[in-house]
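**Q** Got query-v8.txt for you, compact mmCIF, N, CA and C atoms and all ligand atoms:
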```txt
# COMPACT_ATOMS: atom_id res chain seq x y z
N MET H 66 104.15 100.43 103.30
CA MET H 66 104.49 99.57 102.15
C MET H 66 105.51 100.28 101.28
N THR H 67 106.54 99.58 100.87
CA THR H 67 107.70 100.26 100.26
C THR H 67 107.40 100.94 98.93
N ASP H 68 106.60 100.32 98.08
CA ASP H 68 106.37 100.95 96.77
C ASP H 68 105.03 101.70 96.69
N CYS H 69 104.53 102.11 97.83
CA CYS H 69 103.26 102.85 97.87
C CYS H 69 103.55 104.34 97.92
N ILE H 70 103.03 105.07 96.95
CA ILE H 70 103.29 106.50 96.82
C ILE H 70 102.79 107.28 98.05
N PHE H 71 101.63 106.89 98.58
CA PHE H 71 101.09 107.61 99.72
C PHE H 71 101.86 107.29 101.01
N CYS H 72 102.41 106.08 101.12
CA CYS H 72 103.30 105.78 102.26
C CYS H 72 104.53 106.68 102.20
N LYS H 73 105.04 106.89 100.98
CA LYS H 73 106.22 107.75 100.82
C LYS H 73 105.89 109.19 101.21
N ILE H 74 104.70 109.64 100.88
CA ILE H 74 104.27 110.99 101.28
C ILE H 74 104.11 111.03 102.80
N ALA H 75 103.48 110.00 103.37
CA ALA H 75 103.25 109.94 104.82
C ALA H 75 104.57 109.93 105.59
N ASN H 76 105.58 109.27 105.03
CA ASN H 76 106.89 109.18 105.69
C ASN H 76 107.80 110.36 105.36
N HIS H 77 107.29 111.30 104.57
CA HIS H 77 108.07 112.46 104.12
C HIS H 77 109.27 112.05 103.27
N GLU H 78 109.17 110.86 102.65
CA GLU H 78 110.22 110.46 101.69
C GLU H 78 110.07 111.28 100.42
N ILE H 79 108.82 111.66 100.11
CA ILE H 79 108.53 112.60 99.03
C ILE H 79 108.17 113.92 99.70
N PRO H 80 108.91 115.00 99.39
CA PRO H 80 108.62 116.27 100.04
C PRO H 80 107.19 116.73 99.75
N THR H 81 106.46 117.04 100.80
CA THR H 81 105.05 117.43 100.69
C THR H 81 104.79 118.55 101.67
N THR H 82 103.97 119.50 101.26
CA THR H 82 103.52 120.53 102.21
C THR H 82 102.18 120.06 102.77
N PRO H 83 102.16 119.60 104.02
CA PRO H 83 100.90 119.08 104.55
C PRO H 83 99.89 120.20 104.80
N VAL H 84 98.65 119.89 104.52
CA VAL H 84 97.53 120.77 104.87
C VAL H 84 97.21 120.56 106.34
N PHE H 85 97.45 119.34 106.79
CA PHE H 85 97.19 118.95 108.18
C PHE H 85 98.08 117.74 108.46
N GLU H 86 98.56 117.66 109.70
CA GLU H 86 99.35 116.47 110.07
C GLU H 86 99.30 116.26 111.57
N ASN H 87 99.12 115.01 111.98
CA ASN H 87 99.36 114.63 113.37
C ASN H 87 100.06 113.27 113.36
N ASP H 88 100.07 112.57 114.48
CA ASP H 88 100.83 111.31 114.50
C ASP H 88 100.16 110.20 113.69
N LYS H 89 98.87 110.32 113.41
CA LYS H 89 98.14 109.23 112.74
C LYS H 89 97.76 109.54 111.30
N VAL H 90 97.65 110.83 110.99
CA VAL H 90 97.04 111.27 109.73
C VAL H 90 97.87 112.35 109.07
N ILE H 91 97.87 112.35 107.74
CA ILE H 91 98.44 113.49 107.01
C ILE H 91 97.49 113.84 105.86
N ALA H 92 97.38 115.13 105.58
CA ALA H 92 96.52 115.60 104.49
C ALA H 92 97.34 116.53 103.61
N PHE H 93 97.09 116.45 102.30
CA PHE H 93 97.87 117.24 101.34
C PHE H 93 97.03 117.48 100.09
N ASN H 94 97.44 118.44 99.29
CA ASN H 94 96.68 118.76 98.08
C ASN H 94 96.85 117.69 97.02
N ASP H 95 95.74 117.40 96.32
CA ASP H 95 95.78 116.43 95.23
C ASP H 95 96.64 116.98 94.09
N LEU H 96 97.39 116.10 93.46
CA LEU H 96 98.27 116.45 92.34
C LEU H 96 97.48 116.97 91.13
N GLU H 97 96.29 116.41 90.92
CA GLU H 97 95.45 116.82 89.79
C GLU H 97 94.09 117.24 90.33
N PRO H 98 94.03 118.48 90.87
CA PRO H 98 92.80 118.91 91.55
C PRO H 98 91.58 118.93 90.64
N GLN H 99 90.49 118.38 91.13
CA GLN H 99 89.23 118.33 90.37
C GLN H 99 88.28 119.45 90.82
N ALA H 100 88.72 120.29 91.73
CA ALA H 100 87.93 121.42 92.24
C ALA H 100 88.93 122.40 92.84
N PRO H 101 88.51 123.66 93.07
CA PRO H 101 89.44 124.63 93.67
C PRO H 101 90.06 124.13 94.98
N VAL H 102 89.28 123.41 95.77
CA VAL H 102 89.83 122.71 96.94
C VAL H 102 89.76 121.22 96.65
N HIS H 103 90.90 120.57 96.68
CA HIS H 103 90.93 119.10 96.52
C HIS H 103 92.06 118.56 97.39
N ILE H 104 91.65 118.10 98.55
CA ILE H 104 92.61 117.66 99.58
C ILE H 104 92.43 116.16 99.79
N LEU H 105 93.53 115.47 99.99
CA LEU H 105 93.49 114.04 100.32
C LEU H 105 93.89 113.86 101.77
N VAL H 106 93.11 113.09 102.50
CA VAL H 106 93.37 112.83 103.93
C VAL H 106 93.66 111.33 104.04
N ILE H 107 94.84 110.99 104.53
CA ILE H 107 95.24 109.57 104.55
C ILE H 107 95.76 109.17 105.93
N PRO H 108 95.59 107.88 106.27
CA PRO H 108 96.23 107.39 107.49
C PRO H 108 97.72 107.20 107.23
N LYS H 109 98.56 107.44 108.23
CA LYS H 109 100.00 107.20 108.03
C LYS H 109 100.30 105.71 107.90
N LYS H 110 99.45 104.91 108.54
CA LYS H 110 99.61 103.45 108.44
C LYS H 110 99.02 102.98 107.10
N HIS H 111 99.72 102.10 106.41
CA HIS H 111 99.22 101.61 105.13
C HIS H 111 98.03 100.68 105.30
N VAL H 112 96.91 101.08 104.69
CA VAL H 112 95.72 100.23 104.58
C VAL H 112 95.24 100.44 103.15
N ALA H 113 94.99 99.36 102.41
CA ALA H 113 94.72 99.48 100.98
C ALA H 113 93.41 100.20 100.68
N SER H 114 92.38 99.90 101.47
CA SER H 114 91.07 100.50 101.19
C SER H 114 90.23 100.46 102.45
N VAL H 115 89.04 101.07 102.36
CA VAL H 115 88.16 101.10 103.54
C VAL H 115 87.73 99.68 103.92
N LYS H 116 87.75 98.77 102.94
CA LYS H 116 87.39 97.37 103.23
C LYS H 116 88.40 96.71 104.15
N ASP H 117 89.62 97.24 104.14
CA ASP H 117 90.73 96.60 104.86
C ASP H 117 90.99 97.21 106.24
N VAL H 118 90.16 98.19 106.60
CA VAL H 118 90.35 98.83 107.91
C VAL H 118 89.94 97.84 109.01
N GLU H 119 90.86 97.54 109.91
CA GLU H 119 90.55 96.60 110.99
C GLU H 119 90.04 97.34 112.21
N ASP H 120 90.74 98.40 112.57
CA ASP H 120 90.35 99.19 113.75
C ASP H 120 89.66 100.46 113.25
N LEU H 121 88.35 100.55 113.48
CA LEU H 121 87.59 101.70 112.95
C LEU H 121 87.97 103.03 113.60
N GLU H 122 88.79 102.96 114.60
CA GLU H 122 89.36 104.18 115.20
C GLU H 122 90.09 104.98 114.10
N MET H 123 90.62 104.25 113.12
CA MET H 123 91.31 104.91 112.00
C MET H 123 90.36 105.85 111.25
N MET H 124 89.11 105.43 111.04
CA MET H 124 88.15 106.27 110.34
C MET H 124 87.82 107.51 111.17
N LYS H 125 87.77 107.32 112.47
CA LYS H 125 87.53 108.45 113.37
C LYS H 125 88.67 109.46 113.25
N ASP H 126 89.89 108.95 113.25
CA ASP H 126 91.05 109.84 113.12
C ASP H 126 91.00 110.62 111.79
N LEU H 127 90.60 109.93 110.72
CA LEU H 127 90.54 110.58 109.41
C LEU H 127 89.45 111.65 109.38
N PHE H 128 88.26 111.32 109.89
CA PHE H 128 87.17 112.30 109.85
C PHE H 128 87.37 113.42 110.86
N ASP H 129 88.08 113.13 111.92
CA ASP H 129 88.47 114.19 112.85
C ASP H 129 89.35 115.21 112.10
N ALA H 130 90.25 114.70 111.28
CA ALA H 130 91.11 115.60 110.48
C ALA H 130 90.28 116.37 109.46
N VAL H 131 89.31 115.70 108.82
CA VAL H 131 88.43 116.39 107.86
C VAL H 131 87.76 117.58 108.55
N GLN H 132 87.20 117.34 109.72
CA GLN H 132 86.51 118.42 110.45
C GLN H 132 87.46 119.58 110.74
N LYS H 133 88.65 119.24 111.19
CA LYS H 133 89.62 120.30 111.54
C LYS H 133 90.02 121.10 110.31
N ILE H 134 90.23 120.41 109.19
CA ILE H 134 90.67 121.08 107.95
C ILE H 134 89.58 122.04 107.45
N VAL H 135 88.34 121.56 107.37
CA VAL H 135 87.28 122.44 106.83
C VAL H 135 87.01 123.61 107.77
N LYS H 136 87.12 123.35 109.06
CA LYS H 136 86.91 124.43 110.03
C LYS H 136 87.99 125.50 109.87
N GLU H 137 89.22 125.02 109.76
CA GLU H 137 90.34 125.95 109.67
C GLU H 137 90.28 126.77 108.38
N LYS H 138 89.76 126.16 107.31
CA LYS H 138 89.68 126.84 106.02
C LYS H 138 88.33 127.52 105.78
N ASN H 139 87.47 127.51 106.80
CA ASN H 139 86.14 128.11 106.68
C ASN H 139 85.36 127.54 105.50
N ILE H 140 85.50 126.25 105.27
CA ILE H 140 84.75 125.59 104.19
C ILE H 140 83.45 125.05 104.78
N THR H 141 82.33 125.56 104.27
CA THR H 141 81.04 125.12 104.82
C THR H 141 80.41 124.03 103.98
N ASP H 142 80.64 124.08 102.65
CA ASP H 142 80.01 123.13 101.73
C ASP H 142 81.10 122.34 101.03
N PHE H 143 81.05 121.06 101.16
CA PHE H 143 82.12 120.23 100.58
C PHE H 143 81.63 118.82 100.40
N ARG H 144 82.38 118.06 99.64
CA ARG H 144 82.07 116.64 99.44
C ARG H 144 83.25 115.81 99.91
N THR H 145 82.97 114.74 100.66
CA THR H 145 84.00 113.76 100.97
C THR H 145 83.73 112.53 100.13
N VAL H 146 84.79 111.97 99.57
CA VAL H 146 84.67 110.79 98.70
C VAL H 146 85.73 109.77 99.10
N ILE H 147 85.30 108.51 99.18
CA ILE H 147 86.25 107.40 99.34
C ILE H 147 85.97 106.42 98.21
N ASN H 148 86.84 106.37 97.22
CA ASN H 148 86.69 105.40 96.14
C ASN H 148 87.28 104.07 96.59
N THR H 149 86.55 103.01 96.33
CA THR H 149 87.01 101.68 96.74
C THR H 149 86.94 100.72 95.55
N GLY H 150 88.10 100.30 95.08
CA GLY H 150 88.17 99.37 93.95
C GLY H 150 88.25 100.13 92.63
N LYS H 151 88.86 99.45 91.65
CA LYS H 151 89.11 100.07 90.33
C LYS H 151 87.83 100.59 89.67
N GLU H 152 86.77 99.79 89.71
CA GLU H 152 85.53 100.18 89.02
C GLU H 152 84.92 101.43 89.65
N ALA H 153 85.20 101.65 90.90
CA ALA H 153 84.68 102.83 91.60
C ALA H 153 85.65 104.01 91.51
N GLY H 154 86.74 103.83 90.77
CA GLY H 154 87.65 104.96 90.55
C GLY H 154 88.87 105.00 91.44
N GLN H 155 89.08 103.95 92.25
CA GLN H 155 90.29 103.97 93.09
C GLN H 155 91.51 103.69 92.22
N SER H 156 92.48 104.60 92.30
CA SER H 156 93.71 104.42 91.52
C SER H 156 94.93 104.30 92.41
N VAL H 157 94.83 104.78 93.64
CA VAL H 157 95.93 104.61 94.61
C VAL H 157 95.40 103.73 95.74
N PHE H 158 96.08 102.59 95.94
CA PHE H 158 95.56 101.61 96.88
C PHE H 158 96.17 101.78 98.27
N HIS H 159 96.02 103.00 98.76
CA HIS H 159 96.30 103.39 100.15
C HIS H 159 95.10 104.27 100.50
N LEU H 160 94.34 103.84 101.50
CA LEU H 160 93.09 104.52 101.86
C LEU H 160 93.24 106.04 101.89
N HIS H 161 92.28 106.73 101.30
CA HIS H 161 92.28 108.19 101.34
C HIS H 161 90.87 108.73 101.22
N ILE H 162 90.64 109.83 101.90
CA ILE H 162 89.38 110.58 101.77
C ILE H 162 89.67 111.82 100.94
N HIS H 163 88.91 111.99 99.86
CA HIS H 163 89.00 113.23 99.10
C HIS H 163 88.11 114.27 99.79
N ILE H 164 88.58 115.49 99.89
CA ILE H 164 87.73 116.63 100.25
C ILE H 164 87.68 117.53 99.02
N LEU H 165 86.48 117.73 98.49
CA LEU H 165 86.30 118.57 97.30
C LEU H 165 85.41 119.75 97.66
N ALA H 166 85.79 120.94 97.22
CA ALA H 166 85.00 122.13 97.52
C ALA H 166 85.41 123.27 96.60
N GLY H 167 84.62 124.35 96.65
CA GLY H 167 84.98 125.57 95.94
C GLY H 167 84.29 125.73 94.61
N ARG H 168 83.45 124.77 94.26
CA ARG H 168 82.62 124.91 93.05
C ARG H 168 81.37 124.04 93.26
N PRO H 169 80.29 124.33 92.49
CA PRO H 169 79.12 123.45 92.61
C PRO H 169 79.50 122.03 92.20
N LEU H 170 79.06 121.07 92.97
CA LEU H 170 79.40 119.67 92.70
C LEU H 170 78.12 118.94 92.29
N LEU H 171 78.20 118.28 91.15
CA LEU H 171 77.01 117.61 90.61
C LEU H 171 76.64 116.39 91.46
N TRP H 172 75.34 116.15 91.54
CA TRP H 172 74.84 114.94 92.18
C TRP H 172 73.66 114.43 91.39
N PRO H 173 73.57 113.17 90.99
CA PRO H 173 74.53 112.10 91.28
C PRO H 173 75.84 112.29 90.51
N PRO H 174 76.93 111.74 91.01
CA PRO H 174 78.24 112.01 90.45
C PRO H 174 78.53 111.29 89.13
N GLY H 175 77.79 110.21 88.82
CA GLY H 175 78.05 109.49 87.57
C GLY H 175 79.14 108.47 87.69
P1 LIG W 201 91.63 107.70 93.76
O1 LIG W 201 91.45 107.73 92.26
O2 LIG W 201 92.44 106.49 94.17
O3 LIG W 201 90.36 107.84 94.55
O4 LIG W 201 92.44 108.99 94.13
C1 LIG W 201 93.83 109.07 93.99
C2 LIG W 201 94.15 110.54 93.90
O5 LIG W 201 95.52 110.69 94.19
C3 LIG W 201 93.91 111.15 92.53
O6 LIG W 201 92.99 112.23 92.66
C4 LIG W 201 95.29 111.59 92.08
O7 LIG W 201 95.27 112.81 91.38
C5 LIG W 201 96.04 111.69 93.39
N1 LIG W 201 97.47 111.42 93.31
C6 LIG W 201 98.07 110.36 92.70
N2 LIG W 201 99.40 110.41 92.88
C7 LIG W 201 99.65 111.51 93.63
C8 LIG W 201 100.84 112.09 94.13
O8 LIG W 201 101.96 111.61 93.94
N3 LIG W 201 100.70 113.24 94.87
C9 LIG W 201 99.49 113.80 95.11
N4 LIG W 201 99.48 114.91 95.84
N5 LIG W 201 98.35 113.28 94.65
C10 LIG W 201 98.42 112.15 93.91
ZN ZN W 202 100.65 103.04 101.54
```
As structure tokens, what does this structure read like?
Ligand code: 5GP
Ligand code: ZN
**A**
Amino acid sequence: MTDCIFCKIANHEIPTTPVFENDKVIAFNDLEPQAPVHILVIPKKHVASVKDVEDLEMMKDLFDAVQKIVKEKNITDFRTVINTGKEAGQSVFHLHIHILAGRPLLWPPG
């Protein structure tokens, strides 16, 4: 999608240092990290939210990347978050998984 910031990152229209990249997925550090580790994992194909995923193979590709990233970084304890909809905190309407780690994370999150 032309005016989607994450599509621009996925297409390398905005210079980004990827944490992980393959043909389907790219991961990069969050601009405003909420923990010492705060990585966003996104599909290269534009999908607005998890509700809009048609082929669930996409979720497999994303979580495959999550596993590879935490393994490579020796992260044992982490939280994955997918916010869906404004009320749930979604601010960028291109599907993304947050990986948060490096500090104690409160539960329930509020
Ligand atoms: P959401 O609130 O939609 O679940 O998460 C969107 C996340 O994207 C936020 O944590 C926000 O800091 C991050 N973000 C928004 N714009 C950019 C950007 O241009 N670059 C990067 N690296 N992160 C961004
Ligand atoms: Zn997009």
**Q** Determine which residues of range 66-131 of chain H DSSP labels as alpha helix (DSSP H) from the backbone of this structure, then write them out as a list in words.
**A**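 In range 66-131 of chain H, DSSP puts these residues in alpha helix (DSSP H): Ile70, Phe71, Cys72, Lys73, Ile74, Ala75, Glu122, Met123, Met124, Lys125, Asp126, Leu127, Phe128, Asp129, Ala130 and Val131 of chain H.
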**Q** Once you have the residues from the selection above, write them out as a short mmCIF file (atom, residue, chain, number, x, y, z; two decimals), in the coordinates of the input, restricted to N, CA and C atoms.
**A**
```cif
data_model
loop_
_atom_site.label_atom_id
_atom_site.label_comp_id
_atom_site.auth_asym_id
_atom_site.auth_seq_id
_atom_site.Cartn_x
_atom_site.Cartn_y
_atom_site.Cartn_z
N ILE H 70 103.03 105.07 96.95
CA ILE H 70 103.29 106.50 96.82
C ILE H 70 102.79 107.28 98.05
N PHE H 71 101.63 106.89 98.58
CA PHE H 71 101.09 107.61 99.72
C PHE H 71 101.86 107.29 101.01
N CYS H 72 102.41 106.08 101.12
CA CYS H 72 103.30 105.78 102.26
C CYS H 72 104.53 106.68 102.20
N LYS H 73 105.04 106.89 100.98
CA LYS H 73 106.22 107.75 100.82
C LYS H 73 105.89 109.19 101.21
N ILE H 74 104.70 109.64 100.88
CA ILE H 74 104.27 110.99 101.28
C ILE H 74 104.11 111.03 102.80
N ALA H 75 103.48 110.00 103.37
CA ALA H 75 103.25 109.94 104.82
C ALA H 75 104.57 109.93 105.59
N GLU H 122 88.79 102.96 114.60
CA GLU H 122 89.36 104.18 115.20
C GLU H 122 90.09 104.98 114.10
N MET H 123 90.62 104.25 113.12
CA MET H 123 91.31 104.91 112.00
C MET H 123 90.36 105.85 111.25
N MET H 124 89.11 105.43 111.04
CA MET H 124 88.15 106.27 110.34
C MET H 124 87.82 107.51 111.17
N LYS H 125 87.77 107.32 112.47
CA LYS H 125 87.53 108.45 113.37
C LYS H 125 88.67 109.46 113.25
N ASP H 126 89.89 108.95 113.25
CA ASP H 126 91.05 109.84 113.12
C ASP H 126 91.00 110.62 111.79
N LEU H 127 90.60 109.93 110.72
CA LEU H 127 90.54 110.58 109.41
C LEU H 127 89.45 111.65 109.38
N PHE H 128 88.26 111.32 109.89
CA PHE H 128 87.17 112.30 109.85
C PHE H 128 87.37 113.42 110.86
N ASP H 129 88.08 113.13 111.92
CA ASP H 129 88.47 114.19 112.85
C ASP H 129 89.35 115.21 112.10
N ALA H 130 90.25 114.70 111.28
CA ALA H 130 91.11 115.60 110.48
C ALA H 130 90.28 116.37 109.46
N VAL H 131 89.31 115.70 108.82
CA VAL H 131 88.43 116.39 107.86
C VAL H 131 87.76 117.58 108.55
#
```
**Q** Let me make sure I understand: among H:Asn76, H:Thr141, H:Thr67, H:Thr81, which one has the smallest atom-to-atom distance to ligand LIG 201 (chain W) if we use all atoms listed in the file?
**A**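 Smallest distance to ligand LIG 201 (chain W) is found for H:Thr81.
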**Q** Would you compute the distance between atom C of Glu152 in chain H and atom N of Val112 in chain H? Give it in Å to one decimal.
**A**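 Spanning atom C of Glu152 in chain H to atom N of Val112 in chain H is a straight-line distance of 19.2 Å.
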**Q** Between atom C of Ile147 in chain H and atom N of Asp88 in chain H, what is the spacing in Å?
**A**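 Atom N of Asp88 in chain H sits 22.4 Å away from atom C of Ile147 in chain H.
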**Q** Would you mind listing the residues within 7 Å of ligand LIG 201 (chain W), counting all atoms listed in the file, as a PDB file with N, CA and C atoms, keeping the file's coordinate frame?
**A**
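See part.pdb below for the written result:
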```pdb
ATOM      1  N   ILE H  70     103.030 105.070  96.950  1.00  0.00           N
ATOM      2  CA  ILE H  70     103.290 106.500  96.820  1.00  0.00           C
ATOM      3  C   ILE H  70     102.790 107.280  98.050  1.00  0.00           C
ATOM      4  N   PHE H  71     101.630 106.890  98.580  1.00  0.00           N
ATOM      5  CA  PHE H  71     101.090 107.610  99.720  1.00  0.00           C
ATOM      6  C   PHE H  71     101.860 107.290 101.010  1.00  0.00           C
ATOM      7  N   PHE H  93      97.090 116.450 102.300  1.00  0.00           N
ATOM      8  CA  PHE H  93      97.870 117.240 101.340  1.00  0.00           C
ATOM      9  C   PHE H  93      97.030 117.480 100.090  1.00  0.00           C
ATOM     10  N   ASN H  94      97.440 118.440  99.290  1.00  0.00           N
ATOM     11  CA  ASN H  94      96.680 118.760  98.080  1.00  0.00           C
ATOM     12  C   ASN H  94      96.850 117.690  97.020  1.00  0.00           C
ATOM     13  N   ASP H  95      95.740 117.400  96.320  1.00  0.00           N
ATOM     14  CA  ASP H  95      95.780 116.430  95.230  1.00  0.00           C
ATOM     15  C   ASP H  95      96.640 116.980  94.090  1.00  0.00           C
ATOM     16  N   LEU H  96      97.390 116.100  93.460  1.00  0.00           N
ATOM     17  CA  LEU H  96      98.270 116.450  92.340  1.00  0.00           C
ATOM     18  C   LEU H  96      97.480 116.970  91.130  1.00  0.00           C
ATOM     19  N   GLU H  97      96.290 116.410  90.920  1.00  0.00           N
ATOM     20  CA  GLU H  97      95.450 116.820  89.790  1.00  0.00           C
ATOM     21  C   GLU H  97      94.090 117.240  90.330  1.00  0.00           C
ATOM     22  N   PRO H  98      94.030 118.480  90.870  1.00  0.00           N
ATOM     23  CA  PRO H  98      92.800 118.910  91.550  1.00  0.00           C
ATOM     24  C   PRO H  98      91.580 118.930  90.640  1.00  0.00           C
ATOM     25  N   GLN H  99      90.490 118.380  91.130  1.00  0.00           N
ATOM     26  CA  GLN H  99      89.230 118.330  90.370  1.00  0.00           C
ATOM     27  C   GLN H  99      88.280 119.450  90.820  1.00  0.00           C
ATOM     28  N   VAL H 146      84.790 111.970  99.570  1.00  0.00           N
ATOM     29  CA  VAL H 146      84.670 110.790  98.700  1.00  0.00           C
ATOM     30  C   VAL H 146      85.730 109.770  99.100  1.00  0.00           C
ATOM     31  N   ILE H 147      85.300 108.510  99.180  1.00  0.00           N
ATOM     32  CA  ILE H 147      86.250 107.400  99.340  1.00  0.00           C
ATOM     33  C   ILE H 147      85.970 106.420  98.210  1.00  0.00           C
ATOM     34  N   ASN H 148      86.840 106.370  97.220  1.00  0.00           N
ATOM     35  CA  ASN H 148      86.690 105.400  96.140  1.00  0.00           C
ATOM     36  C   ASN H 148      87.280 104.070  96.590  1.00  0.00           C
ATOM     37  N   THR H 149      86.550 103.010  96.330  1.00  0.00           N
ATOM     38  CA  THR H 149      87.010 101.680  96.740  1.00  0.00           C
ATOM     39  C   THR H 149      86.940 100.720  95.550  1.00  0.00           C
ATOM     40  N   ALA H 153      85.200 101.650  90.900  1.00  0.00           N
ATOM     41  CA  ALA H 153      84.680 102.830  91.600  1.00  0.00           C
ATOM     42  C   ALA H 153      85.650 104.010  91.510  1.00  0.00           C
ATOM     43  N   GLY H 154      86.740 103.830  90.770  1.00  0.00           N
ATOM     44  CA  GLY H 154      87.650 104.960  90.550  1.00  0.00           C
ATOM     45  C   GLY H 154      88.870 105.000  91.440  1.00  0.00           C
ATOM     46  N   GLN H 155      89.080 103.950  92.250  1.00  0.00           N
ATOM     47  CA  GLN H 155      90.290 103.970  93.090  1.00  0.00           C
ATOM     48  C   GLN H 155      91.510 103.690  92.220  1.00  0.00           C
ATOM     49  N   SER H 156      92.480 104.600  92.300  1.00  0.00           N
ATOM     50  CA  SER H 156      93.710 104.420  91.520  1.00  0.00           C
ATOM     51  C   SER H 156      94.930 104.300  92.410  1.00  0.00           C
ATOM     52  N   VAL H 157      94.830 104.780  93.640  1.00  0.00           N
ATOM     53  CA  VAL H 157      95.930 104.610  94.610  1.00  0.00           C
ATOM     54  C   VAL H 157      95.400 103.730  95.740  1.00  0.00           C
ATOM     55  N   PHE H 158      96.080 102.590  95.940  1.00  0.00           N
ATOM     56  CA  PHE H 158      95.560 101.610  96.880  1.00  0.00           C
ATOM     57  C   PHE H 158      96.170 101.780  98.270  1.00  0.00           C
ATOM     58  N   HIS H 159      96.020 103.000  98.760  1.00  0.00           N
ATOM     59  CA  HIS H 159      96.300 103.390 100.150  1.00  0.00           C
ATOM     60  C   HIS H 159      95.100 104.270 100.500  1.00  0.00           C
ATOM     61  N   HIS H 161      92.280 106.730 101.300  1.00  0.00           N
ATOM     62  CA  HIS H 161      92.280 108.190 101.340  1.00  0.00           C
ATOM     63  C   HIS H 161      90.870 108.730 101.220  1.00  0.00           C
ATOM     64  N   HIS H 163      88.910 111.990  99.860  1.00  0.00           N
ATOM     65  CA  HIS H 163      89.000 113.230  99.100  1.00  0.00           C
ATOM     66  C   HIS H 163      88.110 114.270  99.790  1.00  0.00           C
TER      67      HIS H 163
END
```
**Q** Report the distance between atom N of Ile104 in chain H and atom C of Ile91 in chain H in Å, rounded to one decimal place.
**A**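 That distance, rounded to one decimal, is 10.3 Å.
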**Q** Given the point (87.0, 124.3, 96.4) in the coordinates of this file, which residues lie within 6 Å, counting only N, CA and C atoms, and how would they look as a list in words?
**A**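 Those residues lying close to the given coordinates are Ala100, Pro101, Val102, His103, Leu165, Ala166, Gly167 and Arg168 of chain H.
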**Q** Closest to ligand ZN 202 (chain W) among H:Glu137, H:Gly175, H:Asp120, H:Leu160, using only N, CA and C atoms and all ligand atoms?
**A**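 Ranked by minimum distance to ligand ZN 202 (chain W), first place goes to H:Leu160.
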**Q** In file coordinates, which residues lie within 7 Å of (96.4, 124.3, 106.9) using all atoms listed in the file, given as a list in words?
**A**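 Using all atoms listed in the file, the matching residues come out as Pro83, Val84, Phe85, Ile134, Glu137 and Lys138 of chain H.
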**Q** Report, as JSON, the centre and edge lengths in Å (one decimal) of the axis-aligned box enclosing every listed atom of range 124-143 of chain H, padded by 5 Å on each side.
**A**
```
{"center_x": 85.6, "center_y": 116.8, "center_z": 106.9, "size_x": 21.1, "size_y": 32.7, "size_z": 23.0}
```
**Q** Which residue out of H:Lys109, H:Asn139, H:Asn87, H:Phe128 has the minimum interatomic distance to Ile74 in chain H when all atoms listed in the file are used?
**A**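 For Ile74 in chain H, the nearest of the candidates is H:Lys109.
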